[in-house]
$ cat query_25.txt   # compact mmCIF, C-alpha atoms
# COMPACT_ATOMS: atom_id res chain seq x y z
CA MET A 1 86.04 159.02 337.37
CA PRO A 2 86.49 159.64 341.14
CA LEU A 3 83.48 161.06 342.95
CA ILE A 4 85.19 164.37 343.74
CA GLN A 5 86.20 164.92 340.12
CA SER A 6 82.73 163.94 338.95
CA THR A 7 81.07 166.42 341.32
CA LYS A 8 83.45 169.18 340.23
CA PHE A 9 82.68 168.45 336.56
CA TRP A 10 78.94 168.75 337.05
CA LYS A 11 79.30 171.94 339.08
CA ILE A 12 81.32 173.51 336.27
CA PHE A 13 78.88 172.17 333.69
CA PHE A 14 75.77 173.57 335.37
CA ALA A 15 77.52 176.86 336.24
CA THR A 16 78.43 177.25 332.56
CA ILE A 17 74.88 176.55 331.46
CA ALA A 18 73.52 178.99 334.05
CA GLY A 19 76.00 181.61 332.91
CA ILE A 20 74.95 181.22 329.28
CA VAL A 21 71.27 181.51 330.21
CA VAL A 22 71.86 184.61 332.35
CA PHE A 23 73.96 186.19 329.59
CA SER A 24 71.27 185.47 326.99
CA VAL A 25 68.52 186.91 329.20
CA LEU A 26 70.49 190.09 329.86
CA LEU A 27 71.40 190.35 326.18
CA ASN A 28 67.77 189.97 325.08
CA TYR A 29 66.55 192.51 327.62
CA ILE A 30 69.18 195.15 326.86
CA VAL A 31 69.17 194.78 323.06
CA ASP A 32 65.37 194.32 322.94
CA PRO A 33 65.26 193.28 319.26
CA PHE A 34 61.46 193.30 319.00
CA ALA A 35 60.81 196.49 321.03
CA ILE A 36 59.08 194.61 323.84
CA TYR A 37 60.83 196.01 326.93
CA GLY A 38 61.26 199.63 325.94
CA THR A 39 64.97 199.87 326.75
CA GLY A 40 65.59 201.97 323.63
CA ILE A 41 69.36 201.44 323.65
CA PHE A 42 69.39 199.91 320.17
CA ASP A 43 67.05 200.34 317.22
CA SER A 44 64.77 197.32 317.21
CA LEU A 45 64.81 194.66 314.53
CA GLU A 46 61.06 194.94 314.03
CA PHE A 47 58.36 197.44 314.88
CA ASN A 48 55.22 196.58 316.81
CA ARG A 49 52.39 197.16 314.35
CA TYR A 50 49.77 196.74 317.06
CA GLN A 51 51.32 199.67 318.89
CA ASP A 52 51.77 201.68 315.68
CA LYS A 53 48.12 201.33 314.67
CA TYR A 54 46.87 202.12 318.17
CA PHE A 55 48.75 205.43 318.23
CA LEU A 56 47.79 206.25 314.63
CA LEU A 57 44.08 205.96 315.42
CA ARG A 58 44.56 207.88 318.66
CA ASP A 59 46.07 210.77 316.71
CA PHE A 60 43.76 210.50 313.69
CA ASP A 61 41.67 213.67 313.65
CA PRO A 62 38.85 214.05 312.92
CA LYS A 63 37.99 210.52 313.95
CA PRO A 64 36.70 208.09 311.31
CA SER A 65 33.09 207.15 310.66
CA ALA A 66 34.17 204.06 308.72
CA LEU A 67 36.54 201.48 310.18
CA ILE A 68 38.35 198.52 308.60
CA ILE A 69 39.58 195.94 311.12
CA GLY A 70 41.16 192.51 310.96
CA SER A 71 44.41 190.70 310.38
CA SER A 72 47.28 191.96 308.24
CA ARG A 73 45.33 190.68 305.23
CA MET A 74 43.01 193.69 305.66
CA THR A 75 45.92 196.13 305.67
CA PHE A 76 45.93 196.70 301.91
CA MET A 77 42.33 197.92 301.70
CA ASP A 78 42.61 201.64 301.00
CA PRO A 79 40.53 203.90 303.30
CA GLU A 80 40.54 206.58 300.61
CA ILE A 81 38.48 204.32 298.34
CA VAL A 82 35.97 203.78 301.15
CA GLU A 83 35.78 207.54 301.69
CA GLU A 84 35.33 208.12 297.95
CA ILE A 85 32.33 205.76 297.88
CA THR A 86 30.70 206.54 301.22
CA GLY A 87 31.80 210.10 301.92
CA MET A 88 32.95 208.89 305.35
CA ARG A 89 36.41 209.38 306.77
CA CYS A 90 37.98 205.91 307.14
CA PHE A 91 40.82 204.19 309.02
CA VAL A 92 42.29 200.73 308.36
CA TRP A 93 43.35 198.75 311.44
CA GLY A 94 44.93 195.54 310.20
CA CYS A 95 47.46 193.79 312.44
CA PRO A 96 49.48 190.56 312.07
CA ASP A 97 47.65 187.36 312.98
CA ALA A 98 44.77 189.24 314.63
CA ARG A 99 42.28 186.73 316.04
CA MET A 100 38.66 187.57 316.77
CA GLU A 101 39.28 188.71 320.35
CA ILE A 102 41.73 191.28 318.96
CA GLU A 103 39.12 192.53 316.49
CA TYR A 104 36.69 192.78 319.40
CA ALA A 105 39.27 194.86 321.29
CA MET A 106 39.84 197.08 318.24
CA LEU A 107 36.16 197.95 317.99
CA ARG A 108 35.83 198.71 321.69
CA ILE A 109 38.99 200.84 321.67
CA ALA A 110 37.67 202.83 318.71
CA LEU A 111 34.26 203.40 320.30
CA GLU A 112 35.05 203.67 324.02
CA GLU A 113 38.55 205.15 324.17
CA PHE A 114 38.82 207.24 321.02
CA HIS A 115 35.07 207.93 320.65
CA CYS A 116 35.04 207.32 316.91
CA PRO A 117 31.58 207.98 315.40
CA VAL A 118 31.66 204.67 313.52
CA LYS A 119 28.75 204.02 311.15
CA ILE A 120 30.38 201.44 308.86
CA LEU A 121 32.52 198.50 310.01
CA ILE A 122 34.38 196.38 307.44
CA ILE A 123 35.68 193.31 309.25
CA GLY A 124 37.86 190.41 308.12
CA VAL A 125 36.42 187.02 309.09
CA GLU A 126 38.65 184.47 307.35
CA PRO A 127 38.77 181.05 309.07
CA GLU A 128 42.10 181.79 310.78
CA VAL A 129 40.53 184.41 313.07
CA PHE A 130 38.40 181.60 314.56
CA HIS A 131 41.25 179.08 314.89
CA PRO A 132 40.71 176.82 317.93
CA THR A 133 44.33 176.74 319.16
CA LYS A 134 46.37 179.52 317.54
CA PRO A 135 47.50 181.96 320.28
CA ILE A 136 47.33 185.73 320.39
CA ASN A 137 50.17 187.36 318.48
CA PRO A 138 53.04 188.25 320.87
CA GLU A 139 52.99 191.84 319.58
CA ALA A 140 49.49 192.21 321.03
CA LYS A 141 50.06 190.24 324.23
CA VAL A 142 52.54 192.81 325.52
CA ILE A 143 50.13 195.73 325.06
CA ASP A 144 47.46 195.90 327.73
CA GLU A 145 45.47 198.47 325.72
CA TYR A 146 44.32 195.42 323.74
CA THR A 147 44.47 192.57 326.25
CA LYS A 148 42.41 194.32 328.92
CA TYR A 149 39.33 193.69 326.79
CA PHE A 150 39.63 189.90 326.81
CA GLU A 151 42.16 188.89 329.50
CA LYS A 152 41.05 188.60 333.12
CA SER A 153 44.54 189.65 334.28
CA PRO A 154 46.15 191.60 331.43
CA TRP A 155 49.13 192.61 333.56
CA TRP A 156 49.93 188.96 334.25
CA SER A 157 49.57 188.04 330.60
CA GLU A 158 51.90 190.88 329.65
CA PHE A 159 54.46 189.93 332.31
CA THR A 160 54.54 186.23 331.43
CA GLU A 161 54.87 186.98 327.71
CA LYS A 162 57.72 189.41 328.26
CA PHE A 163 59.49 187.15 330.75
CA SER A 164 59.16 183.94 328.75
CA ARG A 165 60.44 185.56 325.55
CA LEU A 166 63.73 186.41 327.27
CA PHE A 167 64.58 182.71 327.07
CA THR A 168 63.60 182.07 323.45
CA ILE A 169 65.99 181.28 320.62
CA GLU A 170 64.04 183.69 318.39
CA GLN A 171 64.77 186.55 320.79
CA THR A 172 68.45 185.64 321.08
CA LEU A 173 68.90 185.37 317.31
CA GLY A 174 67.17 188.73 316.98
CA SER A 175 69.58 190.27 319.49
CA VAL A 176 72.55 188.90 317.56
CA LYS A 177 71.18 190.34 314.30
CA VAL A 178 70.79 193.76 315.92
CA LEU A 179 74.38 193.69 317.21
CA ILE A 180 75.71 192.61 313.81
CA ARG A 181 73.77 195.45 312.20
CA GLU A 182 75.26 197.90 314.71
CA ILE A 183 78.80 196.62 314.06
CA GLN A 184 78.28 196.99 310.31
CA GLY A 185 76.95 200.52 310.82
CA LYS A 186 73.64 199.84 309.12
CA GLU A 187 70.44 201.67 310.06
CA SER A 188 67.20 200.00 311.07
CA GLU A 189 64.58 200.10 308.33
CA ARG A 190 60.88 199.39 308.40
CA VAL A 191 59.47 197.13 305.71
CA PHE A 192 56.97 199.95 305.19
CA ASP A 193 55.50 202.86 307.09
CA PHE A 194 51.90 204.04 307.29
CA ARG A 195 49.78 206.98 306.25
CA ASN A 196 47.91 208.64 309.09
CA ASP A 197 44.81 206.59 308.13
CA GLY A 198 46.68 203.32 308.72
CA PHE A 199 47.28 202.47 305.06
CA PRO A 200 50.82 201.25 304.26
CA LEU A 201 53.24 203.37 302.27
CA LEU A 202 54.81 200.71 300.12
CA PRO A 203 58.38 201.07 298.82
CA ASP A 204 58.99 200.77 295.10
CA ASN A 205 60.67 197.37 295.52
CA ILE A 206 57.88 195.79 297.59
CA TYR A 207 56.91 193.56 294.66
CA ASP A 208 60.42 192.21 294.18
CA GLY A 209 60.52 188.50 294.94
CA ALA A 210 56.72 188.15 295.07
CA GLY A 211 56.84 184.99 292.95
CA GLU A 212 59.22 183.29 295.35
CA ARG A 213 57.15 184.39 298.36
CA ILE A 214 54.00 183.00 296.76
CA GLN A 215 55.58 179.61 296.12
CA GLU A 216 57.01 179.47 299.64
CA GLY A 217 53.63 180.40 301.11
CA ILE A 218 51.82 177.72 299.12
CA LEU A 219 54.11 175.12 300.67
CA GLN A 220 54.32 176.44 304.23
CA TYR A 221 51.21 178.51 305.03
CA PRO A 222 48.77 175.57 305.34
CA TYR A 223 50.82 174.36 308.31
CA THR A 224 52.36 177.52 309.78
CA GLY A 225 49.74 180.23 309.19
CA PHE A 226 46.51 178.32 308.68
CA GLY A 227 47.37 175.63 311.22
CA ILE A 228 45.48 172.94 309.33
CA GLU A 229 46.69 170.09 311.53
CA GLU A 230 45.05 171.63 314.64
CA PHE A 231 42.06 173.17 312.85
CA THR A 232 39.31 170.84 314.07
CA GLY A 233 36.56 173.47 313.95
CA LEU A 234 35.81 177.07 314.83
CA SER A 235 36.65 178.19 318.36
CA GLU A 236 33.49 178.71 320.41
CA ASP A 237 35.16 181.51 322.37
CA ARG A 238 36.16 183.31 319.19
CA LYS A 239 32.69 182.84 317.73
CA HIS A 240 31.36 184.47 320.89
CA TYR A 241 33.61 187.50 320.41
CA PHE A 242 32.27 187.90 316.89
CA GLU A 243 28.71 187.71 318.19
CA GLU A 244 29.63 190.42 320.71
CA ILE A 245 30.99 192.61 317.91
CA LEU A 246 27.67 192.30 316.08
CA ARG A 247 25.74 193.09 319.25
CA ILE A 248 27.83 196.23 319.86
CA CYS A 249 27.34 197.31 316.26
CA ASP A 250 23.60 196.78 316.53
CA GLU A 251 23.44 198.89 319.69
CA ASN A 252 25.42 201.67 318.03
CA ASP A 253 23.64 201.60 314.65
CA ILE A 254 26.79 200.46 312.82
CA LYS A 255 26.41 198.76 309.44
CA VAL A 256 28.61 195.63 309.27
CA TYR A 257 30.34 194.39 306.13
CA ALA A 258 32.01 191.06 306.92
CA ILE A 259 34.39 189.51 304.40
CA THR A 260 36.60 186.48 304.09
CA THR A 261 39.85 187.81 302.66
CA PRO A 262 41.34 186.55 299.37
CA LEU A 263 44.12 184.00 299.02
CA HIS A 264 46.24 183.32 295.98
CA PRO A 265 44.38 180.77 293.80
CA ASP A 266 47.20 178.22 294.08
CA LEU A 267 47.08 178.44 297.88
CA VAL A 268 43.30 177.97 297.87
CA ARG A 269 43.69 174.83 295.77
CA ARG A 270 46.38 173.46 298.07
CA LEU A 271 44.33 174.12 301.21
CA PHE A 272 41.30 172.42 299.67
CA ASP A 273 43.45 169.47 298.55
CA LEU A 274 44.63 169.14 302.16
CA GLY A 275 41.02 168.96 303.38
CA ALA A 276 40.37 172.55 304.48
CA ARG A 277 37.23 173.16 302.39
CA PRO A 278 34.83 172.17 305.22
CA ILE A 279 36.50 174.74 307.47
CA PHE A 280 35.92 177.49 304.91
CA ASP A 281 32.33 176.34 304.44
CA GLU A 282 31.71 176.28 308.20
CA THR A 283 33.14 179.79 308.55
CA ALA A 284 31.04 181.19 305.72
CA ALA A 285 27.85 179.57 307.00
CA PHE A 286 28.37 180.81 310.57
CA VAL A 287 29.30 184.37 309.63
CA LYS A 288 26.54 184.71 307.03
CA THR A 289 23.87 183.58 309.50
CA GLU A 290 25.07 185.87 312.28
CA VAL A 291 25.67 188.96 310.15
CA GLU A 292 22.46 188.84 308.17
CA GLN A 293 20.27 188.55 311.26
CA TYR A 294 21.59 191.98 312.23
CA GLY A 295 21.00 193.40 308.76
CA GLY A 296 24.66 193.31 307.78
CA VAL A 297 26.41 192.15 304.61
CA PHE A 298 28.60 189.08 304.19
CA ARG A 299 30.83 188.42 301.19
CA ASP A 300 32.96 185.32 300.76
CA TYR A 301 35.99 186.68 298.92
CA THR A 302 38.30 183.71 299.48
CA THR A 303 38.66 183.22 295.72
CA ILE A 304 39.61 186.09 293.44
CA GLU A 305 36.86 185.12 290.99
CA SER A 306 34.31 186.23 293.59
CA PHE A 307 35.21 189.88 293.07
CA ASN A 308 36.98 189.82 289.68
CA GLY A 309 40.41 190.13 291.26
CA SER A 310 43.70 189.19 289.65
CA PRO A 311 46.24 186.47 290.58
CA ASP A 312 48.93 188.99 289.63
CA TYR A 313 47.97 191.30 292.49
CA PHE A 314 49.49 189.43 295.44
CA LEU A 315 52.53 190.27 297.58
CA ASP A 316 52.69 186.67 298.74
CA ALA A 317 50.33 183.71 298.88
CA TYR A 318 47.96 185.31 301.42
CA HIS A 319 48.41 189.10 301.18
CA MET A 320 46.80 190.84 298.23
CA THR A 321 48.19 194.10 296.87
CA PRO A 322 46.30 197.41 297.03
CA ASP A 323 45.24 196.77 293.41
CA ASN A 324 43.16 193.77 294.47
CA GLY A 325 42.11 195.65 297.59
CA ASN A 326 40.63 198.48 295.51
CA ILE A 327 38.72 196.06 293.29
CA LEU A 328 37.39 194.25 296.36
CA ILE A 329 36.20 197.42 298.12
CA ARG A 330 34.38 198.65 295.05
CA ASP A 331 32.65 195.29 294.71
CA LEU A 332 31.79 195.16 298.42
CA LEU A 333 30.29 198.66 298.44
CA SER A 334 28.79 198.56 294.96
CA ASP A 335 25.24 198.76 296.34
CA TYR A 336 26.05 201.43 298.91
CA GLU A 337 23.85 204.51 298.71
CA ARG A 338 24.85 207.71 300.46
CA GLU A 339 22.28 209.21 302.74
$ encode --input "query_25.txt" --output "structure tokens"
Amino acid sequence: MPLIQSTKFWKIFFATIAGIVVFSVLLNYIVDPFAIYGTGIFDSLEFNRYQDKYFLLRDFDPKPSALIIGSSRMTFMDPEIVEEITGMRCFVWGCPDARMEIEYAMLRIALEEFHCPVKILIIGVEPEVFHPTKPINPEAKVIDEYTKYFEKSPWWSEFTEKFSRLFTIEQTLGSVKVLIREIQGKESERVFDFRNDGFPLLPDNIYDGAGERIQEGILQYPYTGFGIEEFTGLSEDRKHYFEEILRICDENDIKVYAITTPLHPDLVRRLFDLGARPIFDETAAFVKTEVEQYGGVFRDYTTIESFNGSPDYFLDAYHMTPDNGNILIRDLLSDYERE
């Protein structure tokens, strides 16, 4: 190929690639499938549960004296059961993939921004919240109300997350799905909405396909959610955030109930077969030592036998239903005595 023709080919090639990239970036920004940029032109594909829960607690009045915080696995613990037992108004703040620095931010937001008179804290401390390499969930990284409590430059973290996601395949596929939905005339639907106390309002068909989700989770979760291949031990930074939570609770006379959240029995067996038992043991030993020195309570609820739960009460391999949640809360607070 002559040099001139070769040069022309590469110019066209790179111009085409650049055009595709620019088009994708503009598409992702304008369509905004995950409600990151606030354009509001199209209904988003998903809703930011970190943002939802923040606003729910902000508007929750009167403010709660009991608080449930943690990952999405804490979501199905009913605040009304806590209120029934303790007499304290309660709010559940469970968000997807929340790591320990997020839980630290949740507590500080509740106490310092919304001035909640918290006297009981129920906190999820499963091994995943201490994972040494798993990043902060993108839903949280774009909200500086959370990141300002653990990022030195939250604005930079927010900017880089928003900017980098413009170039991702996930974002582009999401934009395409939104446009297809618009062409078909379908409306955006949440998987579920929330009561004003943060508890999910589950649709009647939420249990449909649970068996398939459980089997899929047993195969995939050890690698995708649990991150077993990178789980070499508990993160020292995330252990520090937990220690800070306990210190804050001690200073504010808050009783701590720390729990490892249940997994479907088949998933527990698979994780242990893959060598994860020492990680669970390390987590339990660390949390128990730290919590009890502050007069708190620790319960290892990884297995359903520990609280007389049922293998039938799971939405997938790692999210229990409210039925198991109610059993767990009653077991956790069985010794609670009202003042």
$ residues_near_point --input "query_25.txt" --point "(25.4, 200.4, 311.7)" --cutoff "8 Å" --atoms "all atoms listed in the file" --output "PDB file with C-alpha atoms, in the coordinates of the input"
ATOM      1  CA  VAL A 118      31.660 204.670 313.520  1.00  0.00           C
ATOM      2  CA  LYS A 119      28.750 204.020 311.150  1.00  0.00           C
ATOM      3  CA  ILE A 120      30.380 201.440 308.860  1.00  0.00           C
ATOM      4  CA  LEU A 121      32.520 198.500 310.010  1.00  0.00           C
ATOM      5  CA  CYS A 249      27.340 197.310 316.260  1.00  0.00           C
ATOM      6  CA  ASP A 250      23.600 196.780 316.530  1.00  0.00           C
ATOM      7  CA  ASN A 252      25.420 201.670 318.030  1.00  0.00           C
ATOM      8  CA  ASP A 253      23.640 201.600 314.650  1.00  0.00           C
ATOM      9  CA  ILE A 254      26.790 200.460 312.820  1.00  0.00           C
ATOM     10  CA  LYS A 255      26.410 198.760 309.440  1.00  0.00           C
ATOM     11  CA  VAL A 256      28.610 195.630 309.270  1.00  0.00           C
TER      12      VAL A 256
END
$ closest_residue --input "query_25.txt" --among "A:Tyr241, A:Tyr149, A:Phe23, A:Phe226" --to "His131 of chain A" --atoms "only C-alpha atoms"
A:Phe226
$ closest_residue --input "query_25.txt" --among "A:Asn324, A:Ser334, A:Thr261, A:Asn48" --to "Asp300 of chain A" --atoms "all atoms listed in the file"
A:Thr261
$ closest_residue --input "query_25.txt" --among "A:Gly227, A:Gly70, A:Gly174, A:Gly94" --to "Val125 of chain A" --atoms "all atoms listed in the file"
A:Gly70
$ residues_around --input "query_25.txt" --residues "Tyr318 of chain A" --least-positions-apart "2" --cutoff "9 Å" --atoms "all atoms listed in the file" --output "PDB file with C-alpha atoms, in the coordinates of the input"
ATOM      1  CA  ARG A  73      45.330 190.680 305.230  1.00  0.00           C
ATOM      2  CA  ILE A 214      54.000 183.000 296.760  1.00  0.00           C
ATOM      3  CA  GLY A 217      53.630 180.400 301.110  1.00  0.00           C
ATOM      4  CA  ILE A 218      51.820 177.720 299.120  1.00  0.00           C
ATOM      5  CA  TYR A 221      51.210 178.510 305.030  1.00  0.00           C
ATOM      6  CA  THR A 261      39.850 187.810 302.660  1.00  0.00           C
ATOM      7  CA  PRO A 262      41.340 186.550 299.370  1.00  0.00           C
ATOM      8  CA  LEU A 263      44.120 184.000 299.020  1.00  0.00           C
ATOM      9  CA  HIS A 264      46.240 183.320 295.980  1.00  0.00           C
ATOM     10  CA  LEU A 267      47.080 178.440 297.880  1.00  0.00           C
ATOM     11  CA  PHE A 314      49.490 189.430 295.440  1.00  0.00           C
ATOM     12  CA  LEU A 315      52.530 190.270 297.580  1.00  0.00           C
ATOM     13  CA  ASP A 316      52.690 186.670 298.740  1.00  0.00           C
ATOM     14  CA  MET A 320      46.800 190.840 298.230  1.00  0.00           C
TER      15      MET A 320
END
$ axis_aligned_box --input "query_25.txt" --around "segment 121-135 of chain A" --padding-each-side "5 Å" --output "AutoDock Vina command-line options"
--center_x 40.0 --center_y 187.6 --center_z 313.8 --size_x 25.0 --size_y 31.8 --size_z 22.9
$ residues_near_point --input "query_25.txt" --point "(43.5, 195.9, 326.2)" --cutoff "12 Å" --atoms "only C-alpha atoms" --output "PDB file with C-alpha atoms, keeping the file's coordinate frame"
ATOM      1  CA  TYR A  50      49.770 196.740 317.060  1.00  0.00           C
ATOM      2  CA  GLN A  51      51.320 199.670 318.890  1.00  0.00           C
ATOM      3  CA  TYR A  54      46.870 202.120 318.170  1.00  0.00           C
ATOM      4  CA  GLU A 101      39.280 188.710 320.350  1.00  0.00           C
ATOM      5  CA  ILE A 102      41.730 191.280 318.960  1.00  0.00           C
ATOM      6  CA  GLU A 103      39.120 192.530 316.490  1.00  0.00           C
ATOM      7  CA  TYR A 104      36.690 192.780 319.400  1.00  0.00           C
ATOM      8  CA  ALA A 105      39.270 194.860 321.290  1.00  0.00           C
ATOM      9  CA  MET A 106      39.840 197.080 318.240  1.00  0.00           C
ATOM     10  CA  LEU A 107      36.160 197.950 317.990  1.00  0.00           C
ATOM     11  CA  ARG A 108      35.830 198.710 321.690  1.00  0.00           C
ATOM     12  CA  ILE A 109      38.990 200.840 321.670  1.00  0.00           C
ATOM     13  CA  ALA A 110      37.670 202.830 318.710  1.00  0.00           C
ATOM     14  CA  GLU A 112      35.050 203.670 324.020  1.00  0.00           C
ATOM     15  CA  GLU A 113      38.550 205.150 324.170  1.00  0.00           C
ATOM     16  CA  ALA A 140      49.490 192.210 321.030  1.00  0.00           C
ATOM     17  CA  LYS A 141      50.060 190.240 324.230  1.00  0.00           C
ATOM     18  CA  VAL A 142      52.540 192.810 325.520  1.00  0.00           C
ATOM     19  CA  ILE A 143      50.130 195.730 325.060  1.00  0.00           C
ATOM     20  CA  ASP A 144      47.460 195.900 327.730  1.00  0.00           C
ATOM     21  CA  GLU A 145      45.470 198.470 325.720  1.00  0.00           C
ATOM     22  CA  TYR A 146      44.320 195.420 323.740  1.00  0.00           C
ATOM     23  CA  THR A 147      44.470 192.570 326.250  1.00  0.00           C
ATOM     24  CA  LYS A 148      42.410 194.320 328.920  1.00  0.00           C
ATOM     25  CA  TYR A 149      39.330 193.690 326.790  1.00  0.00           C
ATOM     26  CA  PHE A 150      39.630 189.900 326.810  1.00  0.00           C
ATOM     27  CA  GLU A 151      42.160 188.890 329.500  1.00  0.00           C
ATOM     28  CA  LYS A 152      41.050 188.600 333.120  1.00  0.00           C
ATOM     29  CA  SER A 153      44.540 189.650 334.280  1.00  0.00           C
ATOM     30  CA  PRO A 154      46.150 191.600 331.430  1.00  0.00           C
ATOM     31  CA  TRP A 155      49.130 192.610 333.560  1.00  0.00           C
ATOM     32  CA  SER A 157      49.570 188.040 330.600  1.00  0.00           C
ATOM     33  CA  GLU A 158      51.900 190.880 329.650  1.00  0.00           C
TER      34      GLU A 158
END
$ residues_around --input "query_25.txt" --residues "segment 63-65 of chain A" --least-positions-apart "2" --cutoff "9 Å" --atoms "all atoms listed in the file" --output "list of chain:residue names"
A:Leu57, A:Arg58, A:Asp59, A:Phe60, A:Asp61, A:Leu67, A:Met88, A:Arg89, A:Cys90, A:Phe91, A:Phe114, A:His115, A:Cys116, A:Pro117, A:Val118, A:Lys119, A:Ile120, A:Leu121, A:Asp197
$ closest_residue --input "query_25.txt" --among "A:Ile123, A:Leu234, A:Met77, A:Val21" --to "Asp281 of chain A" --atoms "all atoms listed in the file"
A:Leu234
$ closest_residue --input "query_25.txt" --among "A:Ile228, A:Val178, A:Met100, A:Leu274" --to "Phe242 of chain A" --atoms "all atoms listed in the file"
A:Met100
$ closest_residue --input "query_25.txt" --among "A:Pro96, A:Thr260, A:Pro278, A:Leu332" --to "Thr303 of chain A" --atoms "only C-alpha atoms"
A:Thr260
$ atom_distance --input "query_25.txt" --atom1 "atom CA of Ala285 of chain A" --atom2 "atom CA of Asp312 of chain A"
28.9 Å
$ atom_distance --input "query_25.txt" --atom1 "atom CA of Leu201 of chain A" --atom2 "atom CA of Leu111 of chain A"
26.2 Å
$ atom_distance --input "query_25.txt" --atom1 "atom CA of Leu219 of chain A" --atom2 "atom CA of Arg269 of chain A"
11.5 Å
